[in-house]
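A.B. asks: This is the content of upload14.txt (compact mmCIF, C-alpha atoms and all ligand atoms):
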# COMPACT_ATOMS: atom_id res chain seq x y z
CA MET M 1 17.52 70.19 23.01
CA VAL M 2 14.70 72.07 24.69
CA ALA M 3 12.04 73.43 22.32
CA LYS M 4 11.45 77.17 22.12
CA LEU M 5 8.24 78.77 23.34
CA ASN M 6 6.41 81.44 21.39
CA VAL M 7 3.59 82.84 23.48
CA ASN M 8 0.38 83.51 21.54
CA ILE M 9 -1.03 86.72 23.01
CA ASP M 10 -4.27 86.89 20.97
CA HIS M 11 -6.42 86.67 24.08
CA VAL M 12 -4.88 89.78 25.60
CA ALA M 13 -6.35 91.52 22.55
CA THR M 14 -9.61 89.57 23.03
CA ILE M 15 -10.05 91.24 26.42
CA ARG M 16 -9.19 94.65 24.98
CA GLU M 17 -11.65 94.19 22.11
CA ALA M 18 -14.42 93.20 24.55
CA ARG M 19 -14.53 96.93 25.40
CA LYS M 20 -12.91 98.30 22.25
CA THR M 21 -10.54 100.23 24.45
CA ILE M 22 -6.77 100.53 24.95
CA GLU M 23 -6.18 97.99 27.73
CA PRO M 24 -4.79 95.48 28.33
CA SER M 25 -1.91 96.43 26.08
CA ILE M 26 -0.55 93.69 23.85
CA ILE M 27 2.72 95.58 23.70
CA THR M 28 3.12 95.36 27.49
CA ALA M 29 2.11 91.69 27.25
CA SER M 30 4.76 91.00 24.63
CA VAL M 31 7.47 92.66 26.72
CA VAL M 32 6.47 90.73 29.87
CA CYS M 33 6.52 87.44 27.91
CA GLU M 34 9.97 88.21 26.55
CA GLN M 35 11.28 89.21 29.99
CA ALA M 36 9.92 85.96 31.45
CA GLY M 37 11.96 83.99 28.91
CA ALA M 38 9.67 83.46 25.92
CA ASP M 39 11.58 82.94 22.69
CA GLY M 40 8.99 84.70 20.58
CA ILE M 41 5.54 86.21 20.28
CA THR M 42 2.79 84.74 18.11
CA VAL M 43 -0.42 86.45 17.03
CA HIS M 44 -3.20 85.44 14.65
CA ILE M 45 -4.73 88.20 12.56
CA ARG M 46 -8.14 86.91 11.55
CA GLY M 47 -10.33 88.08 8.70
CA ASP M 48 -12.98 89.28 11.18
CA ARG M 49 -10.37 91.07 13.39
CA ARG M 50 -11.98 89.59 16.49
CA HIS M 51 -8.82 90.15 18.52
CA ILE M 52 -5.59 91.24 16.80
CA GLN M 53 -5.96 94.41 14.66
CA ASP M 54 -3.79 95.59 11.76
CA ARG M 55 -2.21 98.29 13.95
CA ASP M 56 -1.18 95.64 16.51
CA ILE M 57 1.01 93.92 13.94
CA SER M 58 2.83 97.16 13.08
CA LEU M 59 3.33 98.01 16.76
CA LEU M 60 4.51 94.50 17.60
CA ARG M 61 6.93 94.62 14.68
CA GLU M 62 8.49 97.71 16.27
CA CYS M 63 8.58 96.35 19.82
CA VAL M 64 9.18 92.60 19.71
CA THR M 65 12.90 91.99 20.05
CA THR M 66 12.87 88.18 20.01
CA TYR M 67 10.83 86.65 17.16
CA LEU M 68 7.49 87.69 15.74
CA ASN M 69 5.37 84.94 14.22
CA VAL M 70 2.08 85.96 12.61
CA GLU M 71 -0.57 83.38 11.79
CA MET M 72 -2.82 84.18 8.86
CA ALA M 73 -5.11 82.71 6.24
CA THR M 74 -3.99 82.32 2.65
CA THR M 75 -5.64 85.44 1.22
CA GLU M 76 -4.45 88.46 -0.77
CA GLU M 77 -5.46 90.74 2.08
CA MET M 78 -3.24 88.85 4.53
CA LEU M 79 -0.33 88.63 2.10
CA GLU M 80 -0.39 92.43 1.82
CA ILE M 81 -0.27 92.80 5.62
CA ALA M 82 2.66 90.39 5.81
CA LEU M 83 4.66 92.20 3.15
CA GLU M 84 3.94 95.58 4.70
CA THR M 85 4.90 94.61 8.25
CA MET M 86 7.58 91.97 7.64
CA PRO M 87 7.24 89.64 10.65
CA ASP M 88 10.06 87.12 11.17
CA ALA M 89 7.73 84.25 10.32
CA ILE M 90 4.32 83.71 8.79
CA SER M 91 2.31 80.63 9.72
CA LEU M 92 -0.32 79.77 7.14
CA VAL M 93 -3.52 78.57 8.79
CA PRO M 94 -7.03 77.66 7.64
CA GLU M 95 -9.82 79.97 8.69
CA LYS M 96 -13.58 79.63 8.85
CA PRO M 97 -15.49 82.77 9.91
CA GLU M 98 -17.84 80.87 12.24
CA GLU M 99 -15.20 78.85 14.10
CA ILE M 100 -14.34 79.64 17.73
CA THR M 101 -10.69 78.85 17.10
CA THR M 102 -8.67 77.22 14.31
CA GLU M 103 -10.13 73.79 13.59
CA GLY M 104 -7.43 71.43 12.37
CA GLY M 105 -4.59 72.02 9.96
CA LEU M 106 -4.53 73.74 6.59
CA ASP M 107 -5.20 71.36 3.71
CA VAL M 108 -2.15 72.31 1.66
CA ILE M 109 -2.99 69.69 -0.98
CA ARG M 110 -6.43 71.11 -1.71
CA ASN M 111 -5.13 74.71 -1.55
CA GLU M 112 -1.97 74.00 -3.52
CA ALA M 113 -2.14 76.93 -5.97
CA ILE M 114 -2.74 79.67 -3.42
CA VAL M 115 -0.25 78.22 -0.92
CA ARG M 116 2.44 77.95 -3.60
CA ALA M 117 1.90 81.55 -4.73
CA MET M 118 1.82 82.93 -1.19
CA VAL M 119 4.88 80.98 -0.04
CA LYS M 120 6.88 82.26 -3.01
CA LYS M 121 6.00 85.91 -2.37
CA LEU M 122 6.71 85.60 1.36
CA ARG M 123 10.01 83.82 0.85
CA ASP M 124 11.09 86.26 -1.88
CA ALA M 125 10.56 89.00 0.71
CA GLY M 126 12.78 87.11 3.17
CA ILE M 127 10.02 85.92 5.51
CA PHE M 128 10.27 82.42 7.03
CA VAL M 129 7.20 80.37 6.12
CA SER M 130 5.50 77.73 8.23
CA ALA M 131 2.33 75.77 7.41
CA PHE M 132 -0.01 74.59 10.15
CA VAL M 133 -0.92 71.03 9.14
CA ASP M 134 -2.37 67.89 10.65
CA PRO M 135 0.25 65.28 11.58
CA SER M 136 -0.12 63.57 8.20
CA THR M 137 2.70 62.41 5.93
CA LYS M 138 0.87 63.60 2.80
CA GLN M 139 0.27 67.10 4.14
CA ILE M 140 3.87 67.41 5.34
CA GLU M 141 5.26 66.30 1.98
CA ALA M 142 2.96 68.69 0.13
CA ALA M 143 4.04 71.57 2.40
CA LYS M 144 7.67 70.73 1.66
CA ASN M 145 7.01 70.61 -2.10
CA LEU M 146 5.28 73.98 -1.98
CA GLY M 147 8.34 75.60 -0.39
CA CYS M 148 7.33 75.80 3.28
CA GLN M 149 10.39 75.79 5.55
CA GLN M 150 8.53 74.57 8.60
CA VAL M 151 5.42 72.64 9.50
CA GLU M 152 3.55 73.37 12.68
CA LEU M 153 1.86 70.12 13.64
CA CYS M 154 -1.71 70.57 14.83
CA THR M 155 -1.99 69.14 18.35
CA GLY M 156 -5.72 69.84 18.63
CA GLU M 157 -6.79 66.20 18.58
CA TYR M 158 -4.19 65.26 21.18
CA ALA M 159 -5.28 68.20 23.33
CA ASP M 160 -8.94 67.12 23.15
CA LEU M 161 -7.95 63.65 24.37
CA THR M 162 -6.19 65.08 27.39
CA VAL M 163 -9.03 67.20 28.75
CA GLY M 164 -10.17 66.15 32.23
CA ALA M 165 -11.27 62.62 33.09
CA LYS M 166 -11.26 61.46 29.45
CA SER M 167 -7.49 61.21 29.56
CA ALA M 168 -7.01 59.61 32.95
CA HIS M 169 -7.32 55.92 32.18
CA GLY M 170 -8.37 53.19 29.84
CA GLU M 171 -9.44 54.04 26.35
CA GLY M 172 -8.77 57.78 26.70
CA ALA M 173 -5.16 57.23 27.76
CA MET M 174 -4.61 54.74 24.93
CA LYS M 175 -6.02 57.13 22.34
CA ALA M 176 -3.82 59.94 23.70
CA ALA M 177 -0.76 57.68 23.51
CA ALA M 178 -1.63 56.79 19.89
CA GLU M 179 -1.96 60.48 19.04
CA ILE M 180 1.42 61.23 20.65
CA LYS M 181 2.91 58.51 18.44
CA ARG M 182 1.25 60.01 15.35
CA ILE M 183 2.72 63.44 16.20
CA HIS M 184 6.11 61.87 16.92
CA ASP M 185 6.17 60.02 13.58
CA ALA M 186 5.07 63.13 11.71
CA ALA M 187 7.79 65.19 13.41
CA VAL M 188 10.46 62.63 12.51
CA HIS M 189 9.20 62.56 8.91
CA ALA M 190 9.23 66.36 8.52
CA HIS M 191 12.65 66.61 10.15
CA GLY M 192 13.90 63.92 7.74
CA LEU M 193 12.72 66.08 4.83
CA GLY M 194 14.88 68.92 6.16
CA MET M 195 12.02 70.97 7.58
CA LYS M 196 11.81 72.64 10.96
CA VAL M 197 9.02 71.30 13.15
CA ALA M 198 6.77 73.28 15.45
CA ALA M 199 3.63 72.18 17.30
CA GLY M 200 0.65 73.87 18.81
CA HIS M 201 -3.04 74.19 19.54
CA GLY M 202 -4.70 73.35 22.82
CA LEU M 203 -1.45 72.68 24.65
CA THR M 204 -1.47 73.06 28.42
CA TYR M 205 0.74 72.78 31.50
CA ARG M 206 -0.67 69.26 31.84
CA ASN M 207 -0.19 67.90 28.33
CA VAL M 208 2.87 69.66 26.89
CA GLY M 209 5.43 67.41 28.64
CA ALA M 210 4.82 64.35 26.46
CA LEU M 211 5.39 66.38 23.30
CA ALA M 212 8.39 68.26 24.73
CA SER M 213 10.17 64.91 24.81
CA ILE M 214 9.99 64.67 20.99
CA SER M 215 13.38 66.11 20.06
CA GLU M 216 12.42 66.91 16.43
CA ILE M 217 9.90 69.49 17.69
CA THR M 218 11.89 72.67 18.20
CA GLU M 219 9.11 75.21 18.81
CA PHE M 220 5.77 75.40 20.59
CA ASN M 221 3.11 78.05 20.01
CA ILE M 222 0.91 78.24 23.09
CA GLY M 223 -1.70 80.83 23.96
CA HIS M 224 -5.02 80.14 25.63
CA ASN M 225 -3.68 78.11 28.56
CA ILE M 226 -0.93 80.59 29.42
CA ILE M 227 -3.21 83.63 29.22
CA SER M 228 -5.83 81.76 31.28
CA ARG M 229 -3.34 81.01 34.03
CA SER M 230 -2.00 84.55 33.95
CA VAL M 231 -5.36 85.80 35.29
CA PHE M 232 -4.43 84.15 38.58
CA THR M 233 -0.62 84.16 38.63
CA GLY M 234 0.33 87.12 36.48
CA LEU M 235 1.69 86.78 32.96
CA TYR M 236 5.36 86.66 33.92
CA ARG M 237 4.90 83.65 36.21
CA ALA M 238 2.52 81.93 33.77
CA VAL M 239 5.15 82.08 31.02
CA GLU M 240 7.90 80.91 33.38
CA GLU M 241 5.79 77.92 34.43
CA MET M 242 5.19 76.84 30.83
CA ILE M 243 8.91 77.09 30.09
CA GLU M 244 9.57 74.91 33.15
CA LYS M 245 7.07 72.28 31.93
CA ILE M 246 8.69 72.19 28.48
CA ARG M 247 12.14 71.81 30.08
CA LEU M 248 10.93 69.05 32.37
CA GLY M 249 9.34 67.18 29.47
CA ALA M 250 12.49 67.46 27.39
CA THR M 251 14.78 66.24 30.13
CA ALA M 252 12.47 63.38 31.17
CA SER M 253 13.01 61.68 27.80
N1 LIG V 301 -0.90 77.40 16.60
C1 LIG V 301 -1.85 77.78 15.72
C2 LIG V 301 -1.58 77.58 14.26
C3 LIG V 301 -3.06 78.38 16.14
O1 LIG V 301 -3.98 78.75 15.24
C4 LIG V 301 -3.24 78.60 17.53
C5 LIG V 301 -4.48 79.31 17.99
O2 LIG V 301 -4.50 80.61 17.48
C6 LIG V 301 -2.22 78.21 18.40
C7 LIG V 301 -1.08 77.59 17.92
C8 LIG V 301 -2.34 78.41 19.88
O3 LIG V 301 -3.37 77.62 20.36
P1 LIG V 301 -3.83 77.76 21.88
O4 LIG V 301 -4.34 79.13 22.07
O5 LIG V 301 -4.88 76.70 22.00
O6 LIG V 301 -2.62 77.49 22.72
What is this structure when it is put down as structure tokens?
Ligand code: PXP
C.D. replies:
Amino acid sequence: MVAKLNVNIDHVATIREARKTIEPSIITASVVCEQAGADGITVHIRGDRRHIQDRDISLLRECVTTYLNVEMATTEEMLEIALETMPDAISLVPEKPEEITTEGGLDVIRNEAIVRAMVKKLRDAGIFVSAFVDPSTKQIEAAKNLGCQQVELCTGEYADLTVGAKSAHGEGAMKAAAEIKRIHDAAVHAHGLGMKVAAGHGLTYRNVGALASISEITEFNIGHNIISRSVFTGLYRAVEEMIEKIRLGATAS
């Protein structure tokens, strides 16, 4: 089976917020992504509102016809936004105000009480709940025990190992292969526990193929690389190309 692609369109809002104006429109972006074949739209509403704003979530809820996945921290403020706007899925992520982007998975063991409470309220409202975790057996089992229906495996470490010359040969390639195995084993473990398995963070046209061959992973959330390429190719083509890479990776296995 070929994994689904949710396009993370945060950086369309990043450009808009650079001028605090009305363009580029994330609604137009979401429609173009869907027309190009994306299976869903992902956005991350951060505490500092550096890109996605509260109004964006309401507008996207009205316009997205495929699947709307909203990433958020485990806070009361975010829970309220989720229950008001009712996305199809909520992905629970860690958040540090000073970070450039999400750094690693949510420690669901350390944050057990708040995760448990938030998962219950979201699920009672009928929202599908995913937890963004490192590819670790303990974190996956804790997420399962706290009621999460899906884990999104953090591919940040793998992505770092595949940047430029580091990945080409020798030690870099071996470390990347070991990280692919760690993600594979984590995906098999989560799938065995009856959870759905997604993956994301730092994935690119160059590195997604190896993970697309892991059949337990049924969804990718990819943003920065697609939006970066869209500057040169247009968003429609950039989305199509990522879908092609995922298909190629899946069929190469
Ligand atoms: N998944 C999660 C949980 C994330 O926090 C992010 C970044 O917002 C992504 C996927 C997408 O990462 P990238 O923009 O590097 O593709």
A.B. asks: Identify, counting only C-alpha atoms and all ligand atoms, the protein, DNA and RNA residues located within 9 Å of ligand LIG 301 (chain V), and give them as a PyMOL selection string.
C.D. replies: chain M and resi 7-11+42-44+71-72+91-95+101-105+131-133+152-156+159+198-204+220-227
A.B. asks: Report, in Å with one decimal, the straight-line distance from atom CA of Gly164 of chain M to atom CA of Tyr236 of chain M.
C.D. replies: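 According to the coordinates, atom CA of Gly164 of chain M and atom CA of Tyr236 of chain M are separated by 25.8 Å.
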A.B. asks: When you count all atoms listed in the file, which of these residues is closest to Ile114 of chain M: M:Asp88, M:Val151, M:Ala73, M:Thr251?
C.D. replies: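 For Ile114 of chain M, the nearest of the given residues is M:Ala73.
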A.B. asks: How many Å separate atom CA of Leu79 of chain M from atom CA of Ala143 of chain M?
C.D. replies: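 If I compute the distance from atom CA of Leu79 of chain M to atom CA of Ala143 of chain M, I get 17.6 Å.
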A.B. asks: Rounded to one decimal place, report the atom CA of Ser130 of chain M-atom CA of Ala89 of chain M distance in Å.
C.D. replies: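 Result for atom CA of Ser130 of chain M versus atom CA of Ala89 of chain M: 7.2 Å, one decimal.
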A.B. asks: Any idea what's packed within 12 Å of Ile26 of chain M, counting only C-alpha atoms, ignoring anything in its chain fewer than 6 positions away? Could you give it as an mmCIF file with C-alpha atoms, in the coordinates of the input?
C.D. replies:
data_model
loop_
_atom_site.group_PDB
_atom_site.id
_atom_site.type_symbol
_atom_site.label_atom_id
_atom_site.label_comp_id
_atom_site.auth_asym_id
_atom_site.auth_seq_id
_atom_site.Cartn_x
_atom_site.Cartn_y
_atom_site.Cartn_z
ATOM 1 C CA VAL M 7 3.590 82.840 23.480
ATOM 2 C CA ASN M 8 0.380 83.510 21.540
ATOM 3 C CA ILE M 9 -1.030 86.720 23.010
ATOM 4 C CA ASP M 10 -4.270 86.890 20.970
ATOM 5 C CA HIS M 11 -6.420 86.670 24.080
ATOM 6 C CA VAL M 12 -4.880 89.780 25.600
ATOM 7 C CA ALA M 13 -6.350 91.520 22.550
ATOM 8 C CA THR M 14 -9.610 89.570 23.030
ATOM 9 C CA ILE M 15 -10.050 91.240 26.420
ATOM 10 C CA ARG M 16 -9.190 94.650 24.980
ATOM 11 C CA GLU M 17 -11.650 94.190 22.110
ATOM 12 C CA VAL M 32 6.470 90.730 29.870
ATOM 13 C CA CYS M 33 6.520 87.440 27.910
ATOM 14 C CA ILE M 41 5.540 86.210 20.280
ATOM 15 C CA THR M 42 2.790 84.740 18.110
ATOM 16 C CA VAL M 43 -0.420 86.450 17.030
ATOM 17 C CA HIS M 51 -8.820 90.150 18.520
ATOM 18 C CA ILE M 52 -5.590 91.240 16.800
ATOM 19 C CA GLN M 53 -5.960 94.410 14.660
ATOM 20 C CA ARG M 55 -2.210 98.290 13.950
ATOM 21 C CA ASP M 56 -1.180 95.640 16.510
ATOM 22 C CA ILE M 57 1.010 93.920 13.940
ATOM 23 C CA SER M 58 2.830 97.160 13.080
ATOM 24 C CA LEU M 59 3.330 98.010 16.760
ATOM 25 C CA LEU M 60 4.510 94.500 17.600
ATOM 26 C CA ARG M 61 6.930 94.620 14.680
ATOM 27 C CA CYS M 63 8.580 96.350 19.820
ATOM 28 C CA VAL M 64 9.180 92.600 19.710
ATOM 29 C CA ILE M 227 -3.210 83.630 29.220
ATOM 30 C CA LEU M 235 1.690 86.780 32.960
#
A.B. asks: Rank M:Asp185, M:Glu76, M:Glu240, M:Glu84 by their smallest atom-to-atom distance to Ile217 of chain M, using all atoms listed in the file, and report the top residue only.
C.D. replies: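 Closest residue, counting all atoms listed in the file: M:Asp185.
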A.B. asks: Choose the residue, out of M:Ile109, M:Ile100, M:Ala173, M:Val239, that has the smallest atom-to-atom separation from Gly37 of chain M; count only C-alpha atoms.
C.D. replies: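 For Gly37 of chain M, the nearest of the candidates is M:Val239.
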A.B. asks: Enclose segment 183-192 of chain M, meaning all of its atoms listed in the file, in a box aligned along x, y and z, pad it by 5 Å on each side, and list the centre and edge lengths in Å to one decimal, as AutoDock Vina command-line options.
C.D. replies:
--center_x 8.3 --center_y 63.3 --center_z 12.3 --size_x 21.2 --size_y 16.6 --size_z 19.2
A.B. asks: Identify which of the residues M:Thr162, M:Asn145, M:Ser215, M:Thr233 lies closest to Leu193 of chain M, counting only C-alpha atoms when measuring atom-to-atom distances.
C.D. replies: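 Closest to Leu193 of chain M of all the choices is M:Asn145.
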A.B. asks: Within 10 Å of (1.6, 59.9, 7.8), only C-alpha atoms: residues as a ChimeraX atom specification?
C.D. replies: /M:134-141,182-183,185-187,189
A.B. asks: Kindly indicate which residue among M:Asn207, M:Asn6, M:Gln149, M:Thr85 lies nearest to Asn69 of chain M, using all atoms listed in the file for the distances.
C.D. replies: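 Using all atoms listed in the file, Asn69 of chain M sits closest to M:Asn6.
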